[in-house]
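Data first, discussion second: the structure below is written as structure tokens.
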Amino acid sequence: MGLITGVCAFLFHLPQIYKWLLKPYYITSIFMTVAFPLLRKAPGVCEHLATQREDGNSCDFDWVSALVPVAQYGGRRFGRVTLEQHVGNLFLFSKVANVILFFRLDVRLGILYLALCVAFVMTCKPPLYMGPEYIKYFSDKTIDEELQRDSRVTWIVEFYANWSSDCQSFAPVFADLSLKYNCAGIRFGKVDIGRYGEVSQRYRVSTSPLAKQLPSLLLFQGGREIMRRPMVDSKGRAVSWTFNEENIIREFNLNELFQKSKKLNKGSKGEEQKNSQLEEDSNELHQDDNTPEQPTESKKDQ
């Protein structure tokens with residue numbers, strides 16, 4: 001039953017996935033992922049390649065040996081849960097497998113493919129998320145003021161960098177959370193600490209790839225930091241934590257905060273209506289006090 005549900009969900013989202021994969025970044029990644037099998041099967045080319053098969057067939061290869069690197073390296077990183085992260089990890093470790101296979105085939109081909117991978121990483125970046133969101137983007141001059149503006153507002157702020165693939169993969173998850181939970185008492189924000197280094201130092205979020213602190217989610221109440229994920233150990237490295245919607249809702253108590261914010265919002269609206277009514281009554285009384293008395297005619301004694 002679960003398999004049928006998964007297949008149905010895949011077919012339902014297939015048009016969206018198809019449109020998403022047609023972007024140049026993913027098209028190039030697909031070709032680089034299947035580069036070795038294509039070369040091994042290309043007529044007129046595969047016949048001139050070296051082979052270690054006993055039958056001497058240079059146009060075929062061992063699929064198991066191609067999948068071993070993916071299984072070895074991919075098993076360590078496939079804790080990510082979004083579609084973009086799964087696809088990104090699949091591309092990454094498939095390229096690792098291609099590098100190994102090309103070096104086993106011919107050192108010159110391995111060096112050429114590795115150089116293409118480096119050029120691809122340097123010049124091509126995953127497409128940025130451009131979907132709907134209720135997120136305020138901070139700068140180094142506005143973040144402190146906004147966080148301290150209203151003590152009743154809870155802020156959930158993502159510290160990110162545009163060059164980080166993990167941040168780019170997390171963008172649609174954070175945007176979806178903002179659409180579901182944004183209200184008068186809960187606000188969502190983002191700040192690019194790759195651009196604003198002072199903010200990175202001020203809030204102690206490292207941009208070093210070795211620290212693995214990107215992205216970082218910080219929860220603020222009354223301008224003070226209450227919690228952050230991932231947590232950081234004594235060596236300044238992030239404690240492993242999966243950035244999915246379920247974990248964020250649970251760890252940050254978003255459902256509870258949302259219910260409290262709705263009550264706060266209703267209470268503030270009721271108070272505003274009460275104050276406006278009192279103001280109207282006061283104005284009416286003020287107008288009555290300032291209204292001049294009308295002279296009355298006295299009846300003459302008959």
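Going by the structure tokens order, chains are called A, B, ..., each with residues numbered from 1, while ligands are numbered from 1 in the order shown.
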If you run DSSP over the backbone, which residues in segment 102-210 of chain A end up strand (DSSP E)? Put them as a count of residues only. 17
Can you pull out every residue within 12 Å of Ser164 of chain A, counting only C-alpha atoms, but drop anything in the same chain fewer than 4 positions away, and send it as an mmCIF file with C-alpha atoms, in the first residue's frame?
```
data_model
loop_
_atom_site.group_PDB
_atom_site.id
_atom_site.type_symbol
_atom_site.label_atom_id
_atom_site.label_comp_id
_atom_site.auth_asym_id
_atom_site.auth_seq_id
_atom_site.Cartn_x
_atom_site.Cartn_y
_atom_site.Cartn_z
ATOM 1 C CA VAL A 121 31.327 23.255 -9.623
ATOM 2 C CA LYS A 125 25.178 26.730 -9.225
ATOM 3 C CA PRO A 126 21.819 25.105 -8.408
ATOM 4 C CA PRO A 127 18.829 27.323 -9.303
ATOM 5 C CA LEU A 128 17.725 29.604 -6.475
ATOM 6 C CA PHE A 159 21.412 32.333 8.697
ATOM 7 C CA TYR A 160 22.507 31.268 5.232
ATOM 8 C CA GLN A 168 19.760 26.378 -1.352
ATOM 9 C CA SER A 169 18.190 22.967 -0.787
ATOM 10 C CA PHE A 170 16.633 24.125 2.480
ATOM 11 C CA ALA A 171 15.112 27.294 0.952
ATOM 12 C CA ASP A 192 22.949 36.283 4.208
ATOM 13 C CA ILE A 193 25.991 35.957 6.473
ATOM 14 C CA GLY A 194 28.110 35.168 3.456
ATOM 15 C CA THR A 207 30.528 30.351 7.513
ATOM 16 C CA SER A 208 33.396 27.874 7.316
ATOM 17 C CA PRO A 209 32.495 24.747 5.310
ATOM 18 C CA LYS A 212 28.988 22.751 8.859
ATOM 19 C CA GLN A 213 26.813 25.387 10.566
ATOM 20 C CA LEU A 214 24.991 26.435 7.394
ATOM 21 C CA PRO A 215 22.114 26.762 7.381
ATOM 22 C CA SER A 216 21.430 27.701 11.010
#
```
All residues 10 Å or closer to Asp150 of chain A, only C-alpha atoms, same chain fewer than 2 positions away omitted, as an NGL selection string: :A and (145-148 or 152-154 or 185 or 221-223)
What's around segment 254-262 of chain A at 10 Å? Count only C-alpha atoms, leave out sequence neighbours fewer than 6 positions away in its own chain, and write the answer as a list in words.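 Non-adjacent residues within range: Arg152, Val153, Thr154, Ile156, Leu177, Lys180, Tyr181, Asn182, Cys183, Ala184, Gly185, Ile186, Ile248 and Ser268 of chain A.
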Can you tell me which residues surround Pro24 of chain A at a distance of at most 10 Å, considering only C-alpha atoms, apart from same-chain residues fewer than 3 positions away, and format the answer as a ChimeraX atom specification? /A:20-21,27-30,124-127
How about saving the chosen residues, N, CA and C atoms kept, as an mmCIF file, in the first residue's frame?
```
data_model
loop_
_atom_site.group_PDB
_atom_site.id
_atom_site.type_symbol
_atom_site.label_atom_id
_atom_site.label_comp_id
_atom_site.auth_asym_id
_atom_site.auth_seq_id
_atom_site.Cartn_x
_atom_site.Cartn_y
_atom_site.Cartn_z
ATOM 1 N N TRP A 20 11.156 20.998 -13.444
ATOM 2 C CA TRP A 20 12.293 21.333 -12.586
ATOM 3 C C TRP A 20 13.598 20.775 -13.143
ATOM 4 N N LEU A 21 13.570 19.546 -13.681
ATOM 5 C CA LEU A 21 14.783 18.907 -14.192
ATOM 6 C C LEU A 21 15.233 19.472 -15.529
ATOM 7 N N ILE A 27 20.270 19.474 -16.294
ATOM 8 C CA ILE A 27 20.555 18.797 -17.564
ATOM 9 C C ILE A 27 22.040 18.455 -17.654
ATOM 10 N N THR A 28 22.902 19.429 -17.330
ATOM 11 C CA THR A 28 24.347 19.187 -17.354
ATOM 12 C C THR A 28 24.746 18.119 -16.333
ATOM 13 N N SER A 29 24.128 18.169 -15.152
ATOM 14 C CA SER A 29 24.447 17.177 -14.125
ATOM 15 C C SER A 29 24.058 15.770 -14.567
ATOM 16 N N ILE A 30 22.920 15.650 -15.251
ATOM 17 C CA ILE A 30 22.490 14.334 -15.731
ATOM 18 C C ILE A 30 23.495 13.765 -16.729
ATOM 19 N N CYS A 124 28.805 26.554 -12.316
ATOM 20 C CA CYS A 124 27.363 26.273 -12.291
ATOM 21 C C CYS A 124 26.880 26.129 -10.861
ATOM 22 N N LYS A 125 25.789 26.804 -10.543
ATOM 23 C CA LYS A 125 25.178 26.730 -9.225
ATOM 24 C C LYS A 125 23.738 26.247 -9.366
ATOM 25 N N PRO A 126 23.225 25.532 -8.350
ATOM 26 C CA PRO A 126 21.819 25.105 -8.408
ATOM 27 C C PRO A 126 20.896 26.314 -8.493
ATOM 28 N N PRO A 127 19.774 26.200 -9.185
ATOM 29 C CA PRO A 127 18.829 27.323 -9.303
ATOM 30 C C PRO A 127 18.322 27.754 -7.932
#
```
Quick one: pull the distance between atom CA of Thr33 of chain A and atom CA of Cys117 of chain A, Å, one decimal. 10.3 Å
Closest of A:Asn98, A:Arg224, A:Ser200, A:Thr123 to Ile111 of chain A - atom-to-atom distances counting only C-alpha atoms: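 For Ile111 of chain A, the nearest of the candidates is A:Asn98.
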One number please: atom CA of Asn89 of chain A to atom CA of Thr242 of chain A, in Å, one decimal. 14.4 Å
